[in-house]
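Student: Dropping in my_file-v9.txt, with compact mmCIF, C-alpha atoms and all ligand atoms.
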```txt
# COMPACT_ATOMS: atom_id res chain seq x y z
CA MET E 2 0.00 0.00 0.00
CA GLN E 3 1.44 3.37 -1.00
CA HIS E 4 -1.08 5.81 0.54
CA PHE E 5 -4.24 5.25 2.62
CA LEU E 6 -6.72 7.96 1.74
CA SER E 7 -9.85 5.90 1.07
CA VAL E 8 -11.25 2.44 0.46
CA HIS E 9 -9.78 2.68 -3.05
CA ASP E 10 -6.28 2.30 -1.54
CA ALA E 11 -7.22 -1.01 0.09
CA THR E 12 -6.33 -3.63 -2.51
CA ASN E 13 -8.11 -6.33 -0.48
CA ILE E 14 -10.41 -5.45 2.44
CA ASP E 15 -10.54 -9.07 3.68
CA THR E 16 -6.74 -9.11 3.95
CA LEU E 17 -6.75 -5.84 5.90
CA VAL E 18 -9.51 -7.04 8.25
CA ASN E 19 -7.72 -10.34 8.88
CA GLU E 20 -4.45 -8.49 9.34
CA GLY E 21 -6.13 -6.32 12.01
CA LEU E 22 -7.51 -9.40 13.78
CA GLN E 23 -4.08 -11.09 13.71
CA LEU E 24 -2.38 -7.98 15.10
CA LYS E 25 -4.94 -7.88 17.91
CA LYS E 26 -3.75 -11.38 18.90
CA SER E 27 -0.04 -10.59 18.45
CA PRO E 28 0.48 -6.81 18.67
CA PHE E 29 4.30 -7.03 18.75
CA ALA E 30 4.81 -9.71 16.09
CA HIS E 31 6.23 -7.06 13.72
CA LYS E 32 7.92 -4.82 16.27
CA HIS E 33 11.07 -4.46 14.12
CA LEU E 34 9.26 -3.51 10.91
CA GLY E 35 9.16 0.19 11.79
CA GLU E 36 12.58 0.39 13.44
CA ASN E 37 14.31 3.70 12.58
CA LYS E 38 11.16 4.90 10.83
CA THR E 39 9.15 7.94 11.93
CA ILE E 40 5.49 8.82 11.47
CA GLY E 41 4.30 12.43 11.77
CA LEU E 42 0.68 12.92 12.86
CA LEU E 43 -0.78 16.28 11.87
CA PHE E 44 -4.05 17.45 13.35
CA PHE E 45 -6.00 20.39 11.96
CA ASN E 46 -8.85 19.28 14.32
CA GLN E 47 -9.36 17.70 17.72
CA SER E 48 -9.14 13.98 18.39
CA LEU E 49 -8.99 11.41 21.17
CA ARG E 50 -9.21 7.96 19.52
CA THR E 51 -7.43 8.70 16.25
CA ARG E 52 -4.57 10.51 17.90
CA LEU E 53 -3.86 7.91 20.57
CA SER E 54 -4.64 4.73 18.62
CA THR E 55 -2.46 5.72 15.65
CA GLN E 56 0.46 6.61 17.92
CA ARG E 57 0.11 3.31 19.75
CA ALA E 58 -0.19 1.38 16.47
CA ALA E 59 3.02 2.97 15.19
CA GLN E 60 4.80 2.24 18.47
CA ASN E 61 3.70 -1.42 18.34
CA LEU E 62 5.48 -1.60 14.97
CA GLY E 63 8.63 -0.03 16.44
CA MET E 64 8.16 3.40 14.85
CA ASN E 65 8.99 6.79 16.33
CA THR E 66 6.06 9.20 16.46
CA MET E 67 5.79 12.98 16.23
CA VAL E 68 2.46 14.75 16.75
CA MET E 69 1.62 18.32 15.80
CA THR E 70 -1.55 20.41 16.02
CA VAL E 71 -1.45 22.58 12.91
CA GLY E 72 -1.82 26.30 13.56
CA GLN E 73 -1.33 25.83 17.31
CA ASP E 74 2.07 24.10 17.47
CA SER E 75 2.98 25.15 13.94
CA TRP E 76 2.40 28.08 11.59
CA GLY E 77 -1.02 28.31 10.02
CA LEU E 78 -0.91 26.60 6.61
CA GLU E 79 -2.06 28.11 3.31
CA LEU E 80 -3.50 25.42 1.04
CA GLU E 81 -4.57 27.27 -2.11
CA GLU E 82 -2.13 27.65 -4.99
CA GLY E 83 -1.13 31.03 -6.37
CA VAL E 84 -2.56 33.19 -3.59
CA ILE E 85 -1.08 36.37 -2.20
CA MET E 86 -0.24 35.28 1.33
CA ASP E 87 -1.14 38.46 3.17
CA GLY E 88 -3.71 36.76 5.44
CA GLY E 89 -3.40 34.77 8.67
CA ASN E 90 -1.47 31.77 7.31
CA ALA E 91 2.30 32.23 7.45
CA GLU E 92 3.43 29.09 5.60
CA HIS E 93 2.35 27.37 2.38
CA VAL E 94 1.61 23.66 2.32
CA LYS E 95 4.07 23.32 -0.60
CA GLU E 96 7.03 23.97 1.68
CA ALA E 97 5.50 22.63 4.89
CA ALA E 98 4.54 19.22 3.45
CA ALA E 99 7.86 18.87 1.63
CA VAL E 100 9.81 19.75 4.79
CA MET E 101 7.79 17.35 6.97
CA GLY E 102 8.40 14.67 4.33
CA LYS E 103 12.15 15.13 5.02
CA TYR E 104 11.63 14.38 8.72
CA CYS E 105 9.04 11.61 8.46
CA ASP E 106 8.74 8.32 6.54
CA ILE E 107 4.91 8.46 6.74
CA LEU E 108 2.65 11.48 7.30
CA ALA E 109 -0.85 11.08 8.71
CA VAL E 110 -3.26 14.00 8.48
CA ARG E 111 -6.64 14.96 9.99
CA ALA E 112 -8.53 17.87 8.43
CA PHE E 113 -12.33 18.08 8.68
CA ALA E 114 -14.80 19.61 6.25
CA GLY E 115 -15.47 23.32 6.66
CA LEU E 116 -19.15 22.69 5.70
CA GLN E 117 -19.39 26.10 4.00
CA ASP E 118 -18.38 25.24 0.43
CA ARG E 119 -19.34 21.76 -0.83
CA GLU E 120 -17.13 21.85 -3.91
CA LYS E 121 -14.13 22.84 -1.86
CA ASP E 122 -14.70 20.17 0.80
CA TYR E 123 -15.32 17.41 -1.74
CA ALA E 124 -12.12 18.42 -3.61
CA GLU E 125 -10.22 17.21 -0.52
CA LEU E 126 -7.62 19.96 -0.85
CA VAL E 127 -5.64 19.12 2.31
CA MET E 128 -5.16 15.44 1.43
CA THR E 129 -4.49 16.25 -2.22
CA GLN E 130 -1.85 18.83 -1.38
CA PHE E 131 -0.06 16.65 1.17
CA LYS E 132 -0.06 13.74 -1.29
CA LYS E 133 1.32 16.04 -3.99
CA TYR E 134 4.07 17.71 -1.99
CA ALA E 135 5.15 15.50 0.94
CA GLY E 136 7.00 12.85 -1.09
CA VAL E 137 6.11 10.17 1.50
CA PRO E 138 3.00 7.99 2.05
CA ILE E 139 -0.03 9.86 3.41
CA VAL E 140 -2.58 8.33 5.79
CA ASN E 141 -6.06 9.84 6.17
CA LEU E 142 -6.93 10.39 9.85
CA GLU E 143 -10.35 11.78 8.79
CA SER E 144 -10.61 14.18 5.92
CA ALA E 145 -13.39 16.41 4.64
CA THR E 146 -15.32 13.51 3.10
CA ARG E 147 -13.89 10.26 4.52
CA HIS E 148 -12.71 8.47 7.66
CA PRO E 149 -11.27 5.21 6.32
CA LEU E 150 -9.36 4.11 9.46
CA GLN E 151 -12.68 4.31 11.32
CA SER E 152 -14.43 2.28 8.63
CA LEU E 153 -11.74 -0.40 8.67
CA ALA E 154 -12.10 -0.63 12.48
CA ASP E 155 -15.87 -0.94 11.94
CA CYS E 156 -15.32 -3.80 9.47
CA ILE E 157 -13.06 -5.55 11.99
CA THR E 158 -15.68 -5.08 14.73
CA ILE E 159 -18.51 -6.45 12.59
CA GLU E 160 -16.36 -9.43 11.63
CA GLU E 161 -15.72 -10.13 15.33
CA TYR E 162 -19.33 -9.77 16.50
CA LYS E 163 -21.36 -11.16 13.61
CA THR E 164 -23.38 -14.29 14.41
CA THR E 165 -24.57 -14.98 10.87
CA ALA E 166 -22.57 -15.29 7.66
CA ARG E 167 -24.29 -12.26 6.07
CA PRO E 168 -25.43 -9.88 8.83
CA LYS E 169 -27.84 -7.01 8.32
CA VAL E 170 -26.02 -3.73 8.99
CA VAL E 171 -28.00 -0.48 9.30
CA LEU E 172 -26.46 2.98 9.14
CA THR E 173 -28.94 5.30 10.82
CA TRP E 174 -28.90 9.08 10.96
CA ALA E 175 -29.39 10.28 14.55
CA PRO E 176 -30.27 13.82 15.65
CA HIS E 177 -27.75 16.47 16.65
CA PHE E 178 -28.02 20.20 17.21
CA LYS E 179 -24.77 21.09 15.42
CA SER E 180 -23.79 20.78 11.79
CA LEU E 181 -21.53 17.72 11.43
CA PRO E 182 -19.58 16.43 8.40
CA GLN E 183 -20.65 13.50 6.23
CA ALA E 184 -17.19 11.87 6.40
CA VAL E 185 -17.95 8.94 8.73
CA ALA E 186 -21.23 8.09 7.00
CA ASN E 187 -19.69 8.42 3.52
CA SER E 188 -16.81 6.14 4.43
CA PHE E 189 -19.01 3.59 6.17
CA CYS E 190 -21.09 3.34 2.96
CA GLU E 191 -17.98 2.96 0.83
CA TRP E 192 -16.69 0.11 2.96
CA MET E 193 -19.98 -1.67 3.76
CA THR E 194 -21.05 -1.78 0.12
CA ARG E 195 -17.86 -3.76 -0.51
CA ARG E 196 -18.49 -6.28 2.32
CA ASP E 197 -20.67 -9.39 2.32
CA VAL E 198 -23.49 -7.83 4.39
CA GLU E 199 -27.09 -6.72 3.85
CA PHE E 200 -26.54 -2.98 4.10
CA VAL E 201 -29.33 -0.44 4.66
CA VAL E 202 -29.08 3.32 5.21
CA THR E 203 -31.89 5.19 6.98
CA HIS E 204 -32.29 8.93 7.44
CA PRO E 205 -34.94 11.65 7.22
CA GLU E 206 -35.64 13.07 3.75
CA GLY E 207 -33.12 15.77 2.87
CA TYR E 208 -30.16 13.90 4.36
CA GLU E 209 -29.30 11.91 1.21
CA LEU E 210 -25.56 11.26 0.98
CA ASN E 211 -23.44 11.96 -2.09
CA PRO E 212 -24.29 9.09 -4.50
CA ASP E 213 -20.59 8.58 -5.32
CA TYR E 214 -20.05 7.50 -1.70
CA LEU E 215 -23.44 5.88 -1.08
CA ASN E 216 -22.46 3.47 -3.85
CA ASN E 217 -26.02 2.25 -4.58
CA ALA E 218 -26.68 1.27 -0.95
CA LYS E 219 -30.37 0.69 -0.16
CA VAL E 220 -32.01 3.73 1.48
CA VAL E 221 -35.12 3.38 3.68
CA TYR E 222 -36.74 6.54 5.04
CA ASN E 223 -38.63 4.70 7.80
CA GLN E 224 -36.22 4.06 10.67
CA ASP E 225 -38.36 1.34 12.32
CA GLU E 226 -38.60 -0.54 9.03
CA ALA E 227 -34.83 -0.32 8.57
CA PHE E 228 -34.16 -1.59 12.11
CA ALA E 229 -36.34 -4.71 11.72
CA GLY E 230 -34.13 -7.80 12.09
CA ALA E 231 -30.87 -5.82 12.04
CA ASP E 232 -27.71 -7.40 13.48
CA PHE E 233 -25.83 -4.10 13.74
CA ILE E 234 -27.12 -0.55 14.24
CA TYR E 235 -24.51 2.06 13.35
CA ALA E 236 -25.67 5.51 14.48
CA LYS E 237 -24.21 8.75 13.19
CA ASN E 238 -25.35 12.28 12.60
CA TRP E 239 -24.46 14.14 9.43
CA SER E 240 -25.56 17.46 8.00
CA SER E 241 -27.34 17.77 4.66
CA TYR E 242 -25.30 17.19 1.49
CA GLU E 243 -27.92 18.77 -0.80
CA GLN E 244 -28.44 21.89 1.34
CA TYR E 245 -24.80 21.72 2.16
CA GLY E 246 -23.89 21.74 5.85
CA LYS E 247 -27.43 22.62 6.99
CA VAL E 248 -29.22 21.05 9.99
CA LEU E 249 -32.66 20.39 8.48
CA THR E 250 -34.19 18.70 11.52
CA LYS E 251 -33.31 17.79 15.10
CA ASP E 252 -36.27 15.38 15.32
CA PRO E 253 -35.74 13.52 18.64
CA SER E 254 -37.83 10.60 17.38
CA TRP E 255 -34.70 9.52 15.44
CA MET E 256 -32.70 9.07 18.69
CA ILE E 257 -31.68 5.44 19.31
CA THR E 258 -33.77 4.09 22.20
CA GLN E 259 -34.15 0.62 23.68
CA GLN E 260 -37.61 0.43 22.09
CA LYS E 261 -35.93 0.78 18.68
CA MET E 262 -33.16 -1.67 19.51
CA ASP E 263 -35.92 -4.16 20.42
CA LEU E 264 -36.96 -4.14 16.75
CA THR E 265 -33.58 -5.62 15.81
CA ASN E 266 -32.27 -9.18 15.90
CA LYS E 267 -30.63 -8.51 19.30
CA GLY E 268 -28.55 -6.10 17.22
CA LYS E 269 -25.31 -4.58 18.42
CA PHE E 270 -25.16 -0.80 18.83
CA MET E 271 -22.20 0.94 17.20
CA HIS E 272 -21.04 4.56 17.05
CA CYS E 273 -17.61 5.93 16.13
CA LEU E 274 -17.55 8.24 19.21
CA PRO E 275 -17.53 10.85 20.58
CA VAL E 276 -21.30 10.72 21.06
CA ARG E 277 -23.75 13.08 22.77
CA ARG E 278 -25.71 10.91 25.19
CA ASN E 279 -29.48 11.35 25.26
CA VAL E 280 -29.26 13.37 22.03
CA LYS E 281 -28.27 10.63 19.58
CA VAL E 282 -28.63 7.59 21.86
CA THR E 283 -30.12 6.99 25.29
CA ASP E 284 -27.98 6.05 28.30
CA GLU E 285 -29.95 2.81 28.45
CA VAL E 286 -28.75 1.73 24.98
CA ILE E 287 -25.14 2.89 25.15
CA ASP E 288 -24.66 1.47 28.65
CA GLY E 289 -26.62 -1.69 27.85
CA PRO E 290 -25.51 -5.17 26.77
CA GLN E 291 -26.08 -4.50 23.06
CA SER E 292 -23.58 -1.64 22.95
CA ILE E 293 -20.10 -2.43 21.58
CA VAL E 294 -18.87 1.17 21.20
CA VAL E 295 -15.83 0.74 23.46
CA GLU E 296 -14.76 -2.47 21.72
CA GLN E 297 -15.28 -0.69 18.39
CA ALA E 298 -13.04 2.19 19.50
CA GLY E 299 -10.49 -0.35 20.75
CA ASN E 300 -10.31 -1.76 17.23
CA ARG E 301 -9.09 1.61 15.93
CA LEU E 302 -5.68 0.45 17.15
CA TRP E 303 -5.71 -2.67 14.97
CA SER E 304 -7.05 -0.92 11.89
CA ALA E 305 -4.27 1.68 12.14
CA GLN E 306 -1.65 -0.99 12.77
CA ALA E 307 -2.81 -3.08 9.79
CA VAL E 308 -2.58 -0.05 7.49
CA LEU E 309 0.80 1.14 8.80
CA LYS E 310 2.17 -2.40 8.50
CA GLN E 311 1.13 -2.61 4.84
CA ILE E 312 2.70 0.78 4.11
CA LEU E 313 5.93 -0.04 5.98
CA GLU E 314 6.25 -3.24 3.95
CA THR E 315 6.57 -1.12 0.79
CA LEU E 316 9.22 1.31 2.13
N1 LIG E 401 -13.89 8.27 16.04
C1 LIG E 401 -12.89 9.18 16.05
O1 LIG E 401 -12.26 9.46 15.02
O2 LIG E 401 -12.61 9.69 17.27
P1 LIG E 401 -11.70 10.98 17.54
O3 LIG E 401 -12.36 12.13 16.80
O4 LIG E 401 -11.67 11.15 19.01
O5 LIG E 401 -10.35 10.72 16.96
```
Go through the file and emit its structure as structure tokens.
Tutor:
Amino acid sequence: MQHFLSVHDATNIDTLVNEGLQLKKSPFAHKHLGENKTIGLLFFNQSLRTRLSTQRAAQNLGMNTMVMTVGQDSWGLELEEGVIMDGGNAEHVKEAAAVMGKYCDILAVRAFAGLQDREKDYAELVMTQFKKYAGVPIVNLESATRHPLQSLADCITIEEYKTTARPKVVLTWAPHFKSLPQAVANSFCEWMTRRDVEFVVTHPEGYELNPDYLNNAKVVYNQDEAFAGADFIYAKNWSSYEQYGKVLTKDPSWMITQQKMDLTNKGKFMHCLPVRRNVKVTDEVIDGPQSIVVEQAGNRLWSAQAVLKQILETL
């Protein structure tokens, strides 16, 4: 693997999932692979899971890690080409990425959608510029439109917890008062539509995802109907793609309650975290026996380690 920006960089998802499961059993089996190699983790946005799990994954492979919060620890970065740099950003990504590529063997970057300009967000400028100028492999730690390390962890989790060969997996929109990106939902669709599962997406009208990411997944507008017989409920909020970045409804009837989970086939509750309790999901569900959110977050370590291992093997 050269870069890991999306599902399209995963030559074989089964291999990656199995790799993650093997690493979970033997975390230090490849502890010399990353010896004398350094990964730089760059955060334009906050993080708990991604920041810590990726560092730990790199350390398990023997790598050195450097972490930087862009604009706080570093200069603010200008991303657009050909601009007169008389604004707030003191350094251009052309130099910054190239320089960081001299210090690091792999660069991993988190940069969320701005949710103001759809074309700009979906052009994935940050990832594109780092890939163009860093001269080293780039790993996506959640970009404007995708969160592939999360989706790989989700695939690993579903593989671990499934009780039937072809489980029913439901991605459900859940209410939130703030405008949130589509990245996690987009990515989950991209990965699930390539897995051997019955995949259903449910959301209120107006929350249709970009068809390029939805990838012909079945959409059901009735949440109860979607939940019937489900083996996994994956809750996430996202803002509207059509009316870009807008919160069209906060309808609390879409919150995940035990009554809704009772419609499922003793389905497991998943969420990428962080989650607002009693906004998206009730305490009863997230604290209950069907919730696997902590195990899911734990698997972020193995998804990151599987990806870093595959990249290191090509260096
Ligand atoms: N799920 C996830 O990416 O968590 P963080 O934002 O805390 O990294």
Student: Within 12 Å of (1.1, 17.7, -6.0) in the file's own coordinates, which protein, DNA or RNA residues have an atom, counting all atoms listed in the file? List them as a CSV table (one decimal) with C-alpha atoms, in the coordinates of the input.
Tutor:
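Writing done, so here's point-v5.csv:
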```csv
chain,number,residue,atom,x,y,z
E,80,LEU,CA,-3.5,25.4,1.0
E,81,GLU,CA,-4.6,27.3,-2.1
E,82,GLU,CA,-2.1,27.6,-5.0
E,94,VAL,CA,1.6,23.7,2.3
E,95,LYS,CA,4.1,23.3,-0.6
E,96,GLU,CA,7.0,24.0,1.7
E,98,ALA,CA,4.5,19.2,3.4
E,99,ALA,CA,7.9,18.9,1.6
E,126,LEU,CA,-7.6,20.0,-0.8
E,127,VAL,CA,-5.6,19.1,2.3
E,128,MET,CA,-5.2,15.4,1.4
E,129,THR,CA,-4.5,16.2,-2.2
E,130,GLN,CA,-1.8,18.8,-1.4
E,131,PHE,CA,-0.1,16.6,1.2
E,132,LYS,CA,-0.1,13.7,-1.3
E,133,LYS,CA,1.3,16.0,-4.0
E,134,TYR,CA,4.1,17.7,-2.0
E,135,ALA,CA,5.2,15.5,0.9
E,136,GLY,CA,7.0,12.8,-1.1
E,137,VAL,CA,6.1,10.2,1.5
```
Student: Taking a cut-off of 7 Å and counting all atoms listed in the file, can you build a table that, for each residue of chain E near ligand LIG 401 (chain E), reports the nearest atom pair and how far apart they are in Å (one decimal), sorted by chain then residue number, as a Markdown table?
Tutor:
```
| residue | atom | partner | partner_atom | distance |
| --- | --- | --- | --- | --- |
| E:Gln47 | CA | E:LIG401 | O3 | 6.4 |
| E:Ser48 | CA | E:LIG401 | O5 | 3.8 |
| E:Leu49 | CA | E:LIG401 | O4 | 3.5 |
| E:Arg50 | CA | E:LIG401 | O5 | 3.9 |
| E:Thr51 | CA | E:LIG401 | O5 | 3.6 |
| E:Arg52 | CA | E:LIG401 | O5 | 5.9 |
| E:Glu143 | CA | E:LIG401 | O1 | 6.9 |
| E:Gln151 | CA | E:LIG401 | N1 | 6.3 |
| E:Cys273 | CA | E:LIG401 | N1 | 4.4 |
| E:Leu274 | CA | E:LIG401 | N1 | 4.8 |
| E:Pro275 | CA | E:LIG401 | O2 | 6.0 |
```
Student: Around all the atoms of region 203-221 of chain E listed in the file, draw an axis-aligned box and extend it by 8 Å on each of the six sides; I want its centre and edge lengths in Å to one decimal, as JSON.
Tutor:
```
{"center_x": -27.8, "center_y": 8.2, "center_z": 1.1, "size_x": 31.6, "size_y": 31.1, "size_z": 28.8}
```
Student: What are the closest atom pairs, with distances in Å to one decimal, for all residues of region 111-224 of chain E lying within 9 Å of region 14-18 of chain E? Consider all atoms listed in the file, order rows by chain and residue number, and present the result as a tab-separated table.
Tutor:
```
residue	atom	partner	partner_atom	distance
E:Leu153	CA	E:Val18	CA	7.0
E:Ala154	CA	E:Val18	CA	8.1
E:Cys156	CA	E:Val18	CA	6.8
E:Ile157	CA	E:Val18	CA	5.4
E:Glu160	CA	E:Val18	CA	8.0
E:Trp192	CA	E:Ile14	CA	8.4
E:Arg195	CA	E:Ile14	CA	8.2
E:Arg196	CA	E:Ile14	CA	8.1
```
Student: Considering all atoms listed in the file, state which residue in the set E:Val100, E:Val202, E:Ile257, E:Ile234 is at the smallest distance from Lys269 (chain E).
Tutor: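 Closest residue, counting all atoms listed in the file: E:Ile234.
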Student: Do a neighbour search on region 290-298 of chain E at 6 Å with only C-alpha atoms, toss out local chain neighbours closer than 2 positions, and write the hits as an NGL selection string.
Tutor: :E and (158 or 269-272 or 287 or 300-301)
Student: Export, as a compact mmCIF listing (two decimals), in the frame of the given file, the selected residues with C-alpha atoms.
Tutor:
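Full text of again.txt as output:
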```
# COMPACT_ATOMS: atom_id res chain seq x y z
CA THR E 158 -15.68 -5.08 14.73
CA LYS E 269 -25.31 -4.58 18.42
CA PHE E 270 -25.16 -0.80 18.83
CA MET E 271 -22.20 0.94 17.20
CA HIS E 272 -21.04 4.56 17.05
CA ILE E 287 -25.14 2.89 25.15
CA ASN E 300 -10.31 -1.76 17.23
CA ARG E 301 -9.09 1.61 15.93
```
Student: Given the point (-7.0, 11.2, 8.7) in the file's coordinates, find the residues that have an atom at most 7 Å from it, counting only C-alpha atoms, and give them as a short mmCIF file (atom, residue, chain, number, x, y, z; two decimals) with C-alpha atoms, in the frame of the given file.
Tutor:
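Output file point-v5.cif follows:
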```cif
data_model
loop_
_atom_site.label_atom_id
_atom_site.label_comp_id
_atom_site.auth_asym_id
_atom_site.auth_seq_id
_atom_site.Cartn_x
_atom_site.Cartn_y
_atom_site.Cartn_z
CA ALA E 109 -0.85 11.08 8.71
CA VAL E 110 -3.26 14.00 8.48
CA ARG E 111 -6.64 14.96 9.99
CA ALA E 112 -8.53 17.87 8.43
CA VAL E 140 -2.58 8.33 5.79
CA ASN E 141 -6.06 9.84 6.17
CA LEU E 142 -6.93 10.39 9.85
CA GLU E 143 -10.35 11.78 8.79
CA SER E 144 -10.61 14.18 5.92
CA HIS E 148 -12.71 8.47 7.66
#
```
Student: Determine the nearest neighbour of Thr283 (chain E) from the options E:Pro176, E:Gln183, E:Glu226, E:Ala166, counting all atoms listed in the file.
Tutor: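 When distances to Thr283 (chain E) are compared using all atoms listed in the file, the smallest one comes from E:Pro176.
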Student: Go through E:Ala124, E:Ala236, E:Leu181, E:Ala186 one by one, measure the shortest atom-to-atom distance of each to Pro149 (chain E) using only C-alpha atoms, and give the residue with the smallest value.
Tutor: E:Ala186
Student: Complete region 43-60 of chain E at the level of N, CA and C atoms, written as a short mmCIF file (atom, residue, chain, number, x, y, z; two decimals), keeping the file's coordinate frame.
Tutor:
```cif
data_model
loop_
_atom_site.label_atom_id
_atom_site.label_comp_id
_atom_site.auth_asym_id
_atom_site.auth_seq_id
_atom_site.Cartn_x
_atom_site.Cartn_y
_atom_site.Cartn_z
N LEU E 43 -0.42 14.86 11.95
CA LEU E 43 -0.78 16.28 11.87
C LEU E 43 -2.27 16.45 12.07
N PHE E 44 -2.63 17.27 13.03
CA PHE E 44 -4.05 17.45 13.35
C PHE E 44 -4.46 18.91 13.11
N PHE E 45 -5.36 19.09 12.15
CA PHE E 45 -6.00 20.39 11.96
C PHE E 45 -7.22 20.49 12.89
N ASN E 46 -7.64 19.33 13.47
CA ASN E 46 -8.85 19.28 14.32
C ASN E 46 -8.58 18.38 15.52
N GLN E 47 -9.51 18.45 16.48
CA GLN E 47 -9.36 17.70 17.72
C GLN E 47 -9.52 16.19 17.51
N SER E 48 -9.03 15.44 18.48
CA SER E 48 -9.14 13.98 18.39
C SER E 48 -8.78 13.35 19.73
N LEU E 49 -9.42 12.26 20.05
CA LEU E 49 -8.99 11.41 21.17
C LEU E 49 -8.53 10.07 20.60
N ARG E 50 -9.48 9.32 19.99
CA ARG E 50 -9.21 7.96 19.52
C ARG E 50 -8.15 7.92 18.42
N THR E 51 -8.32 8.77 17.42
CA THR E 51 -7.43 8.70 16.25
C THR E 51 -6.00 9.04 16.65
N ARG E 52 -5.89 10.06 17.49
CA ARG E 52 -4.57 10.51 17.90
C ARG E 52 -3.83 9.43 18.70
N LEU E 53 -4.52 8.86 19.69
CA LEU E 53 -3.86 7.91 20.57
C LEU E 53 -3.69 6.54 19.92
N SER E 54 -4.72 6.08 19.20
CA SER E 54 -4.64 4.73 18.62
C SER E 54 -3.58 4.68 17.51
N THR E 55 -3.45 5.75 16.74
CA THR E 55 -2.46 5.72 15.65
C THR E 55 -1.04 5.79 16.21
N GLN E 56 -0.86 6.58 17.27
CA GLN E 56 0.46 6.61 17.92
C GLN E 56 0.81 5.23 18.46
N ARG E 57 -0.16 4.63 19.14
CA ARG E 57 0.11 3.31 19.75
C ARG E 57 0.36 2.25 18.66
N ALA E 58 -0.38 2.33 17.57
CA ALA E 58 -0.19 1.38 16.47
C ALA E 58 1.23 1.50 15.91
N ALA E 59 1.68 2.74 15.72
CA ALA E 59 3.02 2.97 15.19
C ALA E 59 4.07 2.45 16.17
N GLN E 60 3.85 2.69 17.46
CA GLN E 60 4.80 2.24 18.47
C GLN E 60 4.87 0.71 18.52
#
```
